[in-house]
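Data from query_11.csv: CSV, C-alpha atoms
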chain,number,residue,atom,x,y,z
A,521,MET,CA,-97.3,35.4,3.7
A,522,ASN,CA,-96.8,31.9,5.2
A,523,ILE,CA,-93.1,32.1,4.6
A,524,ALA,CA,-92.9,35.5,6.2
A,525,VAL,CA,-94.9,34.3,9.2
A,526,SER,CA,-92.7,31.1,9.5
A,527,ALA,CA,-89.5,33.2,9.3
A,528,LYS,CA,-90.8,35.6,12.0
A,529,ARG,CA,-91.7,32.7,14.3
A,530,PHE,CA,-88.3,31.1,13.7
A,531,VAL,CA,-86.6,34.3,14.7
A,532,ASN,CA,-88.8,34.8,17.8
A,533,ASN,CA,-88.2,31.2,18.9
A,534,ASN,CA,-84.5,31.0,18.3
A,535,PHE,CA,-83.1,34.5,18.1
A,536,HIS,CA,-85.5,36.1,20.7
A,537,ALA,CA,-83.1,38.9,21.6
A,538,LEU,CA,-84.0,40.4,18.2
A,539,THR,CA,-87.6,40.9,19.4
A,540,HIS,CA,-86.3,43.8,21.4
A,541,LYS,CA,-86.2,47.1,19.4
A,542,ASN,CA,-83.2,48.5,21.3
A,543,TYR,CA,-81.2,45.4,20.7
A,544,ARG,CA,-82.0,45.5,17.0
A,545,TYR,CA,-80.5,49.0,16.8
A,546,PHE,CA,-77.4,47.8,18.7
A,547,TRP,CA,-77.0,44.5,16.8
A,548,PHE,CA,-77.3,46.1,13.3
A,549,GLY,CA,-74.7,48.7,14.1
A,550,GLN,CA,-72.4,46.0,15.4
A,551,CYS,CA,-72.9,43.9,12.2
A,552,VAL,CA,-71.5,46.8,10.1
A,553,SER,CA,-68.8,48.0,12.5
A,554,LEU,CA,-67.3,44.7,13.3
A,555,ILE,CA,-66.7,44.0,9.6
A,556,GLY,CA,-64.7,47.2,9.5
A,557,THR,CA,-62.9,46.2,12.7
A,558,TRP,CA,-61.7,42.9,11.2
A,559,THR,CA,-60.8,44.6,8.0
A,560,GLN,CA,-58.5,46.9,10.0
A,561,ASN,CA,-57.1,44.1,12.1
A,562,ILE,CA,-55.9,42.1,9.1
A,563,GLY,CA,-54.5,45.3,7.4
A,564,GLN,CA,-52.7,46.4,10.5
A,565,SER,CA,-51.1,42.9,11.3
A,566,TRP,CA,-49.9,42.4,7.8
A,567,LEU,CA,-48.7,46.0,7.5
A,568,VAL,CA,-46.6,45.7,10.7
A,569,LEU,CA,-45.1,42.3,9.5
A,570,SER,CA,-44.3,43.8,6.1
A,571,ILE,CA,-42.7,46.9,7.6
A,572,THR,CA,-40.6,45.2,10.3
A,573,GLY,CA,-40.4,41.6,9.2
A,574,SER,CA,-40.4,40.7,13.0
A,575,PRO,CA,-43.0,38.5,14.7
A,576,PHE,CA,-41.8,39.9,18.0
A,577,LEU,CA,-42.6,43.5,17.0
A,578,LEU,CA,-46.0,42.3,15.7
A,579,GLY,CA,-46.5,40.9,19.2
A,580,VAL,CA,-45.5,44.3,20.7
A,581,VAL,CA,-48.2,46.1,18.7
A,582,ALA,CA,-50.8,43.6,19.8
A,583,ALA,CA,-49.5,44.0,23.4
A,584,MET,CA,-49.8,47.8,23.2
A,585,GLN,CA,-53.4,47.6,22.0
A,586,PHE,CA,-54.3,45.5,25.1
A,587,LEU,CA,-51.9,46.9,27.7
A,588,PRO,CA,-54.2,49.7,28.9
A,589,ILE,CA,-56.9,47.0,29.6
A,590,THR,CA,-54.3,45.3,31.8
A,591,PHE,CA,-53.7,48.3,34.0
A,592,PHE,CA,-56.9,50.3,33.9
A,593,SER,CA,-59.8,47.8,33.3
A,594,LEU,CA,-60.7,47.7,37.0
A,595,PHE,CA,-61.0,51.5,37.1
A,596,ALA,CA,-63.2,51.4,33.9
A,597,GLY,CA,-65.6,49.0,35.7
A,598,VAL,CA,-66.3,51.5,38.4
A,599,LEU,CA,-67.1,54.2,35.8
A,600,THR,CA,-69.3,51.7,34.0
A,601,ASP,CA,-71.4,51.2,37.2
A,602,LYS,CA,-71.5,54.9,37.9
A,603,PHE,CA,-72.5,56.5,34.5
A,604,PRO,CA,-75.1,55.8,31.7
A,605,LYS,CA,-73.6,53.1,29.5
A,606,LYS,CA,-75.2,54.5,26.3
A,607,LYS,CA,-73.3,57.8,26.7
A,608,ILE,CA,-70.0,56.0,27.4
A,609,LEU,CA,-70.4,53.9,24.3
A,610,ILE,CA,-71.2,56.8,22.0
A,611,PHE,CA,-68.0,58.5,23.3
A,612,THR,CA,-65.8,55.4,22.9
A,613,GLN,CA,-67.1,54.6,19.4
A,614,SER,CA,-66.5,58.1,18.3
A,615,VAL,CA,-62.9,58.0,19.5
A,616,SER,CA,-62.3,54.7,17.7
A,617,MET,CA,-63.7,56.2,14.5
A,618,VAL,CA,-61.2,59.1,14.7
A,619,LEU,CA,-58.3,56.8,15.3
A,620,ALA,CA,-59.2,54.7,12.2
A,621,PHE,CA,-59.4,57.7,10.0
A,622,THR,CA,-56.0,58.9,11.4
A,623,LEU,CA,-54.3,55.6,10.5
A,624,SER,CA,-55.8,55.7,7.0
A,625,ALA,CA,-54.6,59.3,6.5
A,626,LEU,CA,-51.0,58.3,7.5
A,627,VAL,CA,-51.0,55.4,5.0
A,628,PHE,CA,-52.4,57.5,2.1
A,629,THR,CA,-49.9,60.3,2.7
A,630,ASN,CA,-47.0,57.8,3.0
A,631,THR,CA,-46.0,59.2,6.4
A,632,LEU,CA,-46.7,56.0,8.4
A,633,LYS,CA,-44.0,54.7,10.7
A,634,PHE,CA,-43.9,51.7,13.0
A,635,GLU,CA,-43.9,54.2,16.0
A,636,TYR,CA,-47.1,55.8,14.8
A,637,ILE,CA,-48.9,52.4,14.5
A,638,LEU,CA,-47.7,51.7,18.1
A,639,ALA,CA,-49.0,55.0,19.4
A,640,LEU,CA,-52.4,54.6,17.7
A,641,ALA,CA,-52.7,51.0,19.0
A,642,LEU,CA,-52.1,52.3,22.5
A,643,CYS,CA,-54.8,55.0,22.1
A,644,LEU,CA,-57.2,52.4,20.8
A,645,GLY,CA,-56.3,50.3,23.8
A,646,PHE,CA,-57.3,53.0,26.2
A,647,CYS,CA,-60.6,53.5,24.4
A,648,ASN,CA,-61.4,49.7,24.4
A,649,THR,CA,-60.6,49.6,28.1
A,650,LEU,CA,-63.7,51.6,28.8
A,651,ASP,CA,-65.7,50.3,25.9
A,652,MET,CA,-65.5,46.5,26.6
A,653,PRO,CA,-67.0,46.2,30.1
A,654,THR,CA,-69.6,48.9,29.2
A,655,ARG,CA,-70.7,47.1,26.1
A,656,GLN,CA,-70.9,43.7,27.9
A,657,ALA,CA,-72.9,45.2,30.8
A,658,PHE,CA,-75.1,47.1,28.4
A,659,ASN,CA,-76.7,43.9,27.0
A,660,VAL,CA,-78.8,43.2,30.0
A,661,GLU,CA,-80.2,46.7,29.9
A,662,ILE,CA,-81.6,46.3,26.4
A,663,VAL,CA,-82.8,42.6,26.5
A,664,GLY,CA,-83.2,41.7,30.2
A,665,LYS,CA,-81.8,38.7,32.0
A,666,GLU,CA,-84.1,36.1,30.3
A,667,ASP,CA,-82.8,36.9,26.8
A,668,LEU,CA,-79.2,37.7,27.9
A,669,MET,CA,-77.6,34.5,26.8
A,670,ASN,CA,-79.3,34.7,23.4
A,671,ALA,CA,-78.1,38.3,23.0
A,672,ILE,CA,-74.5,37.2,23.9
A,673,THR,CA,-74.6,34.4,21.4
A,674,LEU,CA,-76.0,36.7,18.7
A,675,ASN,CA,-73.2,39.1,19.5
A,676,SER,CA,-70.8,36.3,19.0
A,677,ALA,CA,-72.4,35.3,15.7
A,678,THR,CA,-72.1,38.9,14.5
A,679,PHE,CA,-68.5,39.1,15.6
A,680,ASN,CA,-67.6,35.9,13.8
A,681,LEU,CA,-69.6,36.6,10.7
A,682,ALA,CA,-67.5,39.8,10.6
A,683,ARG,CA,-64.4,37.6,11.1
A,684,ILE,CA,-65.3,35.8,7.9
A,685,ILE,CA,-66.3,38.8,5.8
A,686,GLY,CA,-63.8,41.4,7.2
A,687,PRO,CA,-60.5,39.5,6.5
A,688,ALA,CA,-61.7,38.6,3.0
A,689,ILE,CA,-62.5,42.2,2.3
A,690,GLY,CA,-59.3,43.3,3.9
A,691,ALA,CA,-57.2,40.9,1.9
A,692,MET,CA,-58.8,42.1,-1.4
A,693,LEU,CA,-58.4,45.7,-0.5
A,694,MET,CA,-54.7,45.2,0.4
A,695,GLY,CA,-54.1,43.1,-2.7
A,696,TYR,CA,-55.7,45.6,-5.1
A,697,LEU,CA,-55.8,49.0,-3.5
A,698,GLY,CA,-53.5,49.1,-0.5
A,699,ALA,CA,-53.9,48.8,3.3
A,700,GLY,CA,-55.1,52.4,3.7
A,701,TRP,CA,-58.5,51.5,2.4
A,702,CYS,CA,-58.9,48.9,5.2
A,703,PHE,CA,-58.6,51.6,7.8
A,704,LEU,CA,-60.8,54.1,5.9
A,705,LEU,CA,-63.6,51.5,5.6
A,706,ASN,CA,-63.3,50.8,9.4
A,707,GLY,CA,-63.7,54.5,10.2
A,708,PHE,CA,-66.9,54.9,8.2
A,709,SER,CA,-68.3,51.7,9.8
A,710,PHE,CA,-68.4,53.3,13.2
A,711,MET,CA,-71.1,55.7,12.0
A,712,THR,CA,-73.7,52.9,12.0
A,713,VAL,CA,-73.0,52.0,15.6
A,714,ILE,CA,-73.2,55.6,16.7
A,715,TYR,CA,-76.5,56.1,14.8
A,716,GLY,CA,-77.9,53.0,16.5
A,717,LEU,CA,-76.8,54.0,20.0
A,718,ILE,CA,-78.4,57.4,19.6
A,719,HIS,CA,-81.8,55.8,18.8
A,720,ILE,CA,-81.7,53.3,21.7
A,721,GLU,CA,-84.1,54.0,24.6
A,722,SER,CA,-83.3,51.9,27.6
A,723,THR,CA,-83.5,52.0,31.4
A,724,ASN,CA,-80.0,52.7,32.8
A,725,TYR,CA,-78.7,50.7,35.8
A,726,VAL,CA,-76.7,53.4,37.4
A,727,ARG,CA,-75.5,52.8,40.9
A,728,LYS,CA,-76.3,55.6,43.3
A,729,LYS,CA,-73.3,57.8,44.2
A,730,SER,CA,-71.8,57.3,47.6
A,731,SER,CA,-69.4,59.8,49.3
A,732,GLU,CA,-68.2,57.0,51.6
A,733,LYS,CA,-66.3,55.0,49.0
A,734,GLY,CA,-63.4,56.1,46.8
A,735,ILE,CA,-62.7,54.4,43.5
A,736,LEU,CA,-60.0,52.1,45.0
A,737,LYS,CA,-62.4,50.9,47.7
A,738,GLU,CA,-65.1,50.2,45.1
A,739,ILE,CA,-62.6,48.1,43.1
A,740,LEU,CA,-61.7,46.1,46.2
A,741,ASP,CA,-65.4,45.7,47.0
A,742,GLY,CA,-65.9,44.2,43.6
A,743,LEU,CA,-62.9,41.9,44.0
A,744,LYS,CA,-64.1,40.7,47.4
A,745,TYR,CA,-67.5,40.0,45.8
A,746,ILE,CA,-65.8,37.8,43.2
A,747,LYS,CA,-63.7,36.0,45.8
A,748,ASN,CA,-66.7,35.1,47.9
A,749,LYS,CA,-68.6,33.6,44.9
A,750,PRO,CA,-66.7,30.4,43.6
A,751,VAL,CA,-68.6,30.3,40.3
A,752,LEU,CA,-67.3,33.8,39.5
A,753,LEU,CA,-63.8,33.1,40.7
A,754,GLU,CA,-63.3,29.8,38.9
A,755,THR,CA,-64.8,31.2,35.7
A,756,LEU,CA,-62.5,34.1,35.7
A,757,ILE,CA,-59.4,31.9,36.4
A,758,LEU,CA,-60.4,29.8,33.4
A,759,VAL,CA,-60.8,32.9,31.2
A,760,SER,CA,-57.3,34.0,32.4
A,761,ILE,CA,-55.8,30.8,31.1
A,762,MET,CA,-57.4,31.3,27.7
A,763,GLY,CA,-56.4,35.0,27.6
A,764,ILE,CA,-52.7,34.2,28.0
A,765,PHE,CA,-52.3,31.0,26.0
A,766,VAL,CA,-55.1,31.0,23.4
A,767,PHE,CA,-56.3,34.4,22.3
A,768,ASN,CA,-53.1,35.3,20.3
A,769,TYR,CA,-54.4,34.6,16.8
A,770,ASN,CA,-53.5,38.0,15.4
A,771,VAL,CA,-49.9,37.3,16.2
A,772,LEU,CA,-49.6,33.6,15.3
A,773,ILE,CA,-51.7,33.2,12.2
A,774,PRO,CA,-49.9,35.8,10.0
A,775,VAL,CA,-46.5,34.4,11.1
A,776,PHE,CA,-47.7,30.8,10.5
A,777,THR,CA,-49.0,31.8,7.1
A,778,LYS,CA,-45.8,33.6,6.0
A,779,ASN,CA,-43.1,31.4,7.6
A,780,ILE,CA,-44.6,27.9,7.9
A,781,LEU,CA,-47.1,27.7,5.0
A,782,HIS,CA,-45.0,30.2,2.8
A,783,MET,CA,-48.1,31.9,1.5
A,784,GLU,CA,-49.3,35.5,1.2
A,785,GLU,CA,-52.2,37.9,2.2
A,786,LYS,CA,-55.1,36.0,0.6
A,787,THR,CA,-54.2,32.8,2.5
A,788,TYR,CA,-53.9,34.8,5.7
A,789,GLY,CA,-57.4,36.2,5.1
A,790,ILE,CA,-58.8,32.8,4.3
A,791,LEU,CA,-57.3,31.3,7.5
A,792,LEU,CA,-58.8,34.0,9.7
A,793,SER,CA,-62.1,33.5,7.8
A,794,SER,CA,-62.0,29.8,8.6
A,795,LEU,CA,-61.6,30.6,12.3
A,796,GLY,CA,-64.6,33.0,12.0
A,797,ALA,CA,-66.7,30.4,10.0
A,798,GLY,CA,-66.3,27.9,12.8
A,799,SER,CA,-67.1,30.5,15.4
A,800,LEU,CA,-70.2,31.5,13.5
A,801,PHE,CA,-71.4,27.9,13.3
A,802,GLY,CA,-70.7,27.6,17.1
A,803,ALA,CA,-72.6,30.8,17.8
A,804,LEU,CA,-75.7,29.6,15.9
A,805,ILE,CA,-75.7,26.3,17.8
A,806,MET,CA,-75.4,28.2,21.1
A,807,SER,CA,-78.2,30.5,20.1
A,808,LEU,CA,-80.6,27.6,19.5
A,809,LYS,CA,-79.7,26.3,23.0
A,810,SER,CA,-79.5,29.6,24.9
A,811,ARG,CA,-82.8,29.1,26.8
A,812,ASN,CA,-81.1,26.3,28.7
A,813,GLY,CA,-78.6,28.7,30.3
A,814,PRO,CA,-74.9,28.3,30.8
A,815,ASN,CA,-73.3,24.8,31.3
A,816,LYS,CA,-70.1,24.4,33.4
A,817,PHE,CA,-69.2,21.1,31.7
A,818,LEU,CA,-69.5,22.6,28.2
A,819,MET,CA,-67.3,25.5,29.3
A,820,ILE,CA,-64.5,23.1,30.6
A,821,GLY,CA,-64.9,20.6,27.7
A,822,SER,CA,-64.7,23.3,25.0
A,823,SER,CA,-61.5,24.7,26.7
A,824,ILE,CA,-59.8,21.3,26.5
A,825,GLY,CA,-61.0,21.0,22.9
A,826,ILE,CA,-59.3,24.3,22.0
A,827,GLY,CA,-56.1,23.1,23.5
A,828,ILE,CA,-56.2,19.9,21.4
A,829,MET,CA,-56.9,21.9,18.2
A,830,LEU,CA,-54.0,24.3,18.9
A,831,ILE,CA,-51.7,21.3,19.0
A,832,PHE,CA,-53.1,19.9,15.8
A,833,THR,CA,-52.7,23.3,14.1
A,834,GLY,CA,-49.1,23.4,15.1
A,835,ILE,CA,-48.5,19.9,13.7
A,836,SER,CA,-50.2,20.6,10.4
A,837,ASN,CA,-48.2,22.3,7.7
A,838,ILE,CA,-50.8,21.8,5.0
A,839,TYR,CA,-53.0,24.8,4.1
A,840,TYR,CA,-56.3,22.9,4.0
A,841,LEU,CA,-55.7,21.0,7.3
A,842,THR,CA,-54.8,24.3,9.0
A,843,ALA,CA,-58.0,25.9,7.8
A,844,ILE,CA,-60.1,22.9,9.1
A,845,SER,CA,-58.3,22.9,12.5
A,846,LEU,CA,-58.9,26.7,12.9
A,847,ALA,CA,-62.6,26.3,12.0
A,848,ILE,CA,-63.0,23.6,14.7
A,849,THR,CA,-61.1,25.8,17.1
A,850,GLY,CA,-63.5,28.6,16.3
A,851,ILE,CA,-66.5,26.4,17.3
A,852,PHE,CA,-64.9,25.6,20.7
A,853,ASN,CA,-64.0,29.3,21.2
A,854,ILE,CA,-67.6,30.3,21.0
A,855,PHE,CA,-68.9,27.5,23.2
A,856,PHE,CA,-66.4,28.6,25.8
A,857,SER,CA,-66.7,32.4,25.6
A,858,THR,CA,-70.5,32.5,25.4
A,859,THR,CA,-70.8,30.2,28.4
A,860,ALA,CA,-68.2,32.1,30.5
A,861,ASN,CA,-69.7,35.5,29.7
A,862,THR,CA,-73.3,34.4,30.5
A,863,THR,CA,-72.2,32.7,33.7
A,864,LEU,CA,-70.6,35.8,35.0
A,865,GLN,CA,-73.4,38.2,34.1
A,866,LEU,CA,-76.2,35.9,35.4
A,867,ASN,CA,-74.4,35.4,38.7
A,868,SER,CA,-73.7,39.1,39.3
A,869,LYS,CA,-75.9,41.6,41.1
A,870,ASP,CA,-76.8,44.7,39.0
A,871,GLU,CA,-74.7,47.0,41.2
A,872,TYR,CA,-71.6,44.8,40.6
A,873,ARG,CA,-72.1,43.9,36.9
A,874,GLY,CA,-69.9,46.6,35.5
A,875,ARG,CA,-67.0,45.8,37.8
A,876,ILE,CA,-67.4,42.0,37.2
A,877,MET,CA,-67.3,42.6,33.4
A,878,SER,CA,-64.2,44.9,33.9
A,879,VAL,CA,-62.4,42.0,35.5
A,880,TYR,CA,-63.6,39.8,32.6
A,881,SER,CA,-62.2,42.3,30.2
A,882,LEU,CA,-58.9,42.3,32.2
A,883,VAL,CA,-58.5,38.5,32.1
A,884,SER,CA,-59.8,37.9,28.6
A,885,ALA,CA,-58.2,40.9,26.9
A,886,GLY,CA,-55.9,42.5,29.4
A,887,LEU,CA,-53.7,39.4,29.7
A,888,VAL,CA,-53.3,39.3,25.9
A,889,PRO,CA,-50.2,41.6,26.0
A,890,LEU,CA,-48.4,38.9,28.1
A,891,GLY,CA,-49.6,36.2,25.7
A,892,SER,CA,-48.8,38.2,22.6
A,893,LEU,CA,-45.2,38.9,23.8
A,894,LEU,CA,-44.7,35.3,24.8
A,895,SER,CA,-46.1,34.1,21.4
A,896,GLY,CA,-44.0,36.6,19.5
A,897,LEU,CA,-40.8,35.6,21.3
A,898,VAL,CA,-41.5,31.8,20.9
A,899,ALA,CA,-42.6,32.2,17.3
A,900,GLU,CA,-39.5,34.3,16.4
A,901,LYS,CA,-37.1,31.8,18.1
A,902,TYR,CA,-38.7,28.4,17.5
A,903,GLY,CA,-41.4,29.1,14.9
A,904,ALA,CA,-45.2,29.6,15.0
A,905,ASP,CA,-45.9,25.9,14.7
A,906,THR,CA,-44.0,25.2,17.9
A,907,CYS,CA,-45.8,28.1,19.6
A,908,PHE,CA,-49.2,26.6,18.7
A,909,ILE,CA,-48.2,23.3,20.1
A,910,LEU,CA,-46.8,24.7,23.4
A,911,SER,CA,-49.9,26.9,23.8
A,912,GLY,CA,-52.2,23.9,23.4
A,913,ILE,CA,-50.2,21.7,25.9
A,914,SER,CA,-50.0,24.6,28.4
A,915,THR,CA,-53.8,25.2,28.1
A,916,ILE,CA,-54.7,21.6,28.8
A,917,ILE,CA,-52.4,21.2,31.7
A,918,LEU,CA,-53.6,24.3,33.5
A,919,LEU,CA,-57.2,23.4,32.8
A,920,LEU,CA,-56.8,20.0,34.4
A,921,LEU,CA,-55.1,21.6,37.4
A,922,LEU,CA,-58.0,24.1,37.8
A,923,VAL,CA,-60.5,21.3,37.7
A,924,SER,CA,-58.6,19.4,40.3
A,925,TRP,CA,-58.3,22.5,42.6
A,926,SER,CA,-62.1,23.1,42.2
A,927,ARG,CA,-63.0,19.6,43.2
A,928,LEU,CA,-60.7,19.7,46.2
A,929,ARG,CA,-62.2,23.0,47.2
A,930,GLU,CA,-65.7,21.6,47.0
A,931,LYS,CA,-64.7,18.6,49.1
A,932,SER,CA,-63.2,20.7,51.8
A,933,ILE,CA,-66.4,22.9,52.0
A,934,LEU,CA,-68.5,19.8,52.3
A,935,THR,CA,-66.2,18.3,54.9
A,936,SER,CA,-66.3,21.5,57.0
A,937,GLU,CA,-70.1,21.6,56.9
So that I can check it, write out the structure of this file as structure tokens.
Amino acid sequence: MNIAVSAKRFVNNNFHALTHKNYRYFWFGQCVSLIGTWTQNIGQSWLVLSITGSPFLLGVVAAMQFLPITFFSLFAGVLTDKFPKKKILIFTQSVSMVLAFTLSALVFTNTLKFEYILALALCLGFCNTLDMPTRQAFNVEIVGKEDLMNAITLNSATFNLARIIGPAIGAMLMGYLGAGWCFLLNGFSFMTVIYGLIHIESTNYVRKKSSEKGILKEILDGLKYIKNKPVLLETLILVSIMGIFVFNYNVLIPVFTKNILHMEEKTYGILLSSLGAGSLFGALIMSLKSRNGPNKFLMIGSSIGIGIMLIFTGISNIYYLTAISLAITGIFNIFFSTTANTTLQLNSKDEYRGRIMSVYSLVSAGLVPLGSLLSGLVAEKYGADTCFILSGISTIILLLLLVSWSRLREKSILTSE
């Protein structure tokens, strides 16, 4: 009994978002579904590289999956503010499930072509365009502002625990049964999310409809709101830098594994799991400190840390050192993303949160197509190791320029006052 009481007290003190029944439904569904997602990710990347042998075409697939976010994320933010988020999420998760089953059927029937993978990636991109800002803005409805940062860190912990388990399962399935089973498993995993969403009872923050504003005016209204709040603007610029130069692991890691380390699927899965292990450790640390709120210095410092580790990864051509550098990168990734996400949500009014998170989706995921294409081109021409090094150097230089610009802006404001 004492052990049970102590465990409950530990959870309540450190993972307090789990004290909310609605969040527990959401969190458990994500635990299962994200494992399936990472299983599909590793299967799809390796399958594309095996079919085409081209790092650039792998980058094209990654770009197609994120391209809709680039062009339509801002429109999705308006919809997120206008309609119940629970219903939107049930719809998007259902569509994602159908797409996973379709991909598995194509593999099992030996009818899969590169063009089909490209088309399904594009469809999934459209679905994620609506899903991402909705899911981010939904957190505050099921835990409140006080436990928001803890919920975000727990989401990150879940995401990165899945990043450890999913690639390992995916590598085993590909090695022994074939890639089709990766996609089939992912399809079934969406059922747990849909079940959890159906049982959630929450108060919806739905903005009242206005006949005076069209969708374009509402988008511009959200952008003006960001422009007038330096904390939002600077955070989003920082996330943009990371979106272009950092978040291209699905393109670079398989190429690095195959062409630099000269290893196969299992090593690829282990390297992705190393990145996830570091991220999970970082998420647990952030969860314990979530009551303190977001810290600007941590956000900037972790960004520079990521740049340094990207350079180290590029220099390393030893399997174990690569795994260690990716694990440390994962820790910094979570420090950065958790702090940035929480900063944006806590500094946004309820009626703007959906639109703010749509811009966050745009710069964190919508810029990935650009980064994926650049990474694919550089990796194909100069090698994945060079691409890692250039990404790290570019990240650090741009971060230092942003910090300098921010300080000059603050001085000019103080001077004018």
Distance query Ala596 (chain A) at most 7 Å, all atoms listed in the file, self and fewer than 2 positions along chain excluded, as a list in words
Phe592, Ser593, Leu594, Val598, Leu599, Thr600, Thr649, Leu650 and Ser878 of chain A
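With all atoms listed in the file as the basis for measurement, A:Gly802 is the residue among A:Trp558, A:Gly802, A:Val923, A:Phe708 that approaches Ala847 (chain A) most closely.
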Notebook entry, point to check: In file coordinates, which residues lie within 12 Å of (-46.0, 48.5, 8.2) using all atoms listed in the file, given as a ChimeraX atom specification?
Noted result: /A:562-574,577-578,581,623,626-627,630-638,698-700
Would you save the residues of that selection, restricted to C-alpha atoms, as an mmCIF file, in the frame of the given file?
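Below you can see selection15.cif, which holds the result:
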data_model
loop_
_atom_site.group_PDB
_atom_site.id
_atom_site.type_symbol
_atom_site.label_atom_id
_atom_site.label_comp_id
_atom_site.auth_asym_id
_atom_site.auth_seq_id
_atom_site.Cartn_x
_atom_site.Cartn_y
_atom_site.Cartn_z
ATOM 1 C CA ILE A 562 -55.900 42.100 9.100
ATOM 2 C CA GLY A 563 -54.500 45.300 7.400
ATOM 3 C CA GLN A 564 -52.700 46.400 10.500
ATOM 4 C CA SER A 565 -51.100 42.900 11.300
ATOM 5 C CA TRP A 566 -49.900 42.400 7.800
ATOM 6 C CA LEU A 567 -48.700 46.000 7.500
ATOM 7 C CA VAL A 568 -46.600 45.700 10.700
ATOM 8 C CA LEU A 569 -45.100 42.300 9.500
ATOM 9 C CA SER A 570 -44.300 43.800 6.100
ATOM 10 C CA ILE A 571 -42.700 46.900 7.600
ATOM 11 C CA THR A 572 -40.600 45.200 10.300
ATOM 12 C CA GLY A 573 -40.400 41.600 9.200
ATOM 13 C CA SER A 574 -40.400 40.700 13.000
ATOM 14 C CA LEU A 577 -42.600 43.500 17.000
ATOM 15 C CA LEU A 578 -46.000 42.300 15.700
ATOM 16 C CA VAL A 581 -48.200 46.100 18.700
ATOM 17 C CA LEU A 623 -54.300 55.600 10.500
ATOM 18 C CA LEU A 626 -51.000 58.300 7.500
ATOM 19 C CA VAL A 627 -51.000 55.400 5.000
ATOM 20 C CA ASN A 630 -47.000 57.800 3.000
ATOM 21 C CA THR A 631 -46.000 59.200 6.400
ATOM 22 C CA LEU A 632 -46.700 56.000 8.400
ATOM 23 C CA LYS A 633 -44.000 54.700 10.700
ATOM 24 C CA PHE A 634 -43.900 51.700 13.000
ATOM 25 C CA GLU A 635 -43.900 54.200 16.000
ATOM 26 C CA TYR A 636 -47.100 55.800 14.800
ATOM 27 C CA ILE A 637 -48.900 52.400 14.500
ATOM 28 C CA LEU A 638 -47.700 51.700 18.100
ATOM 29 C CA GLY A 698 -53.500 49.100 -0.500
ATOM 30 C CA ALA A 699 -53.900 48.800 3.300
ATOM 31 C CA GLY A 700 -55.100 52.400 3.700
#
Which residues are close to Leu890 (chain A), i.e. within 9 Å by all atoms listed in the file, leaving aside same-chain residues fewer than 2 positions away? Reply as a PDB file with C-alpha atoms, in the frame of the given file.
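Contents of the output file result-v4.pdb:
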ATOM      1  CA  ALA A 583     -49.500  44.000  23.400  1.00  0.00           C
ATOM      2  CA  LEU A 587     -51.900  46.900  27.700  1.00  0.00           C
ATOM      3  CA  GLY A 763     -56.400  35.000  27.600  1.00  0.00           C
ATOM      4  CA  ILE A 764     -52.700  34.200  28.000  1.00  0.00           C
ATOM      5  CA  GLY A 886     -55.900  42.500  29.400  1.00  0.00           C
ATOM      6  CA  LEU A 887     -53.700  39.400  29.700  1.00  0.00           C
ATOM      7  CA  VAL A 888     -53.300  39.300  25.900  1.00  0.00           C
ATOM      8  CA  SER A 892     -48.800  38.200  22.600  1.00  0.00           C
ATOM      9  CA  LEU A 893     -45.200  38.900  23.800  1.00  0.00           C
ATOM     10  CA  LEU A 894     -44.700  35.300  24.800  1.00  0.00           C
ATOM     11  CA  SER A 895     -46.100  34.100  21.400  1.00  0.00           C
TER      12      SER A 895
END
Among A:Asn853, A:Thr859, A:Ser799, A:Ser881, Arg655 (chain A) is approached most closely, using only C-alpha atoms, by A:Ser881
Which residues are close to Leu668 (chain A), i.e. within 10 Å by all atoms listed in the file, leaving aside same-chain residues fewer than 2 positions away? Reply as number ranges by chain.
A: 536-537, 659-666, 670-674, 810-811, 813, 861-862, 865-866
query = Quick one: residues within 10 Å of Ile761 (chain A), all atoms listed in the file counted, chain neighbours fewer than 2 positions away excluded, as a PyMOL selection string?
reply = chain A and resi 756-759+763-767+823+883-884+887+891+914-916+918-919+922
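Each of A:Tyr788, A:Phe817, A:Phe546, A:Tyr872 was compared to Ile684 (chain A) using only C-alpha atoms, and A:Tyr788 turns out to be the nearest.
Residues of protein, DNA or RNA having at least one counted atom within 8 Å of (-84.4, 49.8, 15.5), given all atoms listed in the file, are Lys541, Asn542, Tyr543, Arg544, Tyr545, Phe546, Gly716, His719 and Ile720 of chain A.
Using only C-alpha atoms, the shortest contact distance between Met617 (chain A) and any of A:Ile735, A:Ile714, A:Ile820, A:Met652 is found at A:Ile714.
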Quick one: region 814-818 of chain A with N, CA and C atoms, as a JSON list (two decimals), in the first residue's frame?
[["chain", "number", "residue", "atom", "x", "y", "z"],
["A", 814, "PRO", "N", 8.37, 28.24, -18.92],
["A", 814, "PRO", "CA", 9.39, 28.28, -19.98],
["A", 814, "PRO", "C", 10.51, 29.27, -19.67],
["A", 815, "ASN", "N", 11.71, 28.96, -20.17],
["A", 815, "ASN", "CA", 12.89, 29.78, -19.92],
["A", 815, "ASN", "C", 13.55, 30.13, -21.26],
["A", 816, "LYS", "N", 13.66, 31.42, -21.55],
["A", 816, "LYS", "CA", 14.21, 31.87, -22.83],
["A", 816, "LYS", "C", 15.65, 31.46, -23.01],
["A", 817, "PHE", "N", 16.45, 31.53, -21.95],
["A", 817, "PHE", "CA", 17.87, 31.19, -22.06],
["A", 817, "PHE", "C", 18.06, 29.70, -22.35],
["A", 818, "LEU", "N", 17.18, 28.87, -21.78],
["A", 818, "LEU", "CA", 17.24, 27.43, -22.05],
["A", 818, "LEU", "C", 16.91, 27.16, -23.52]]
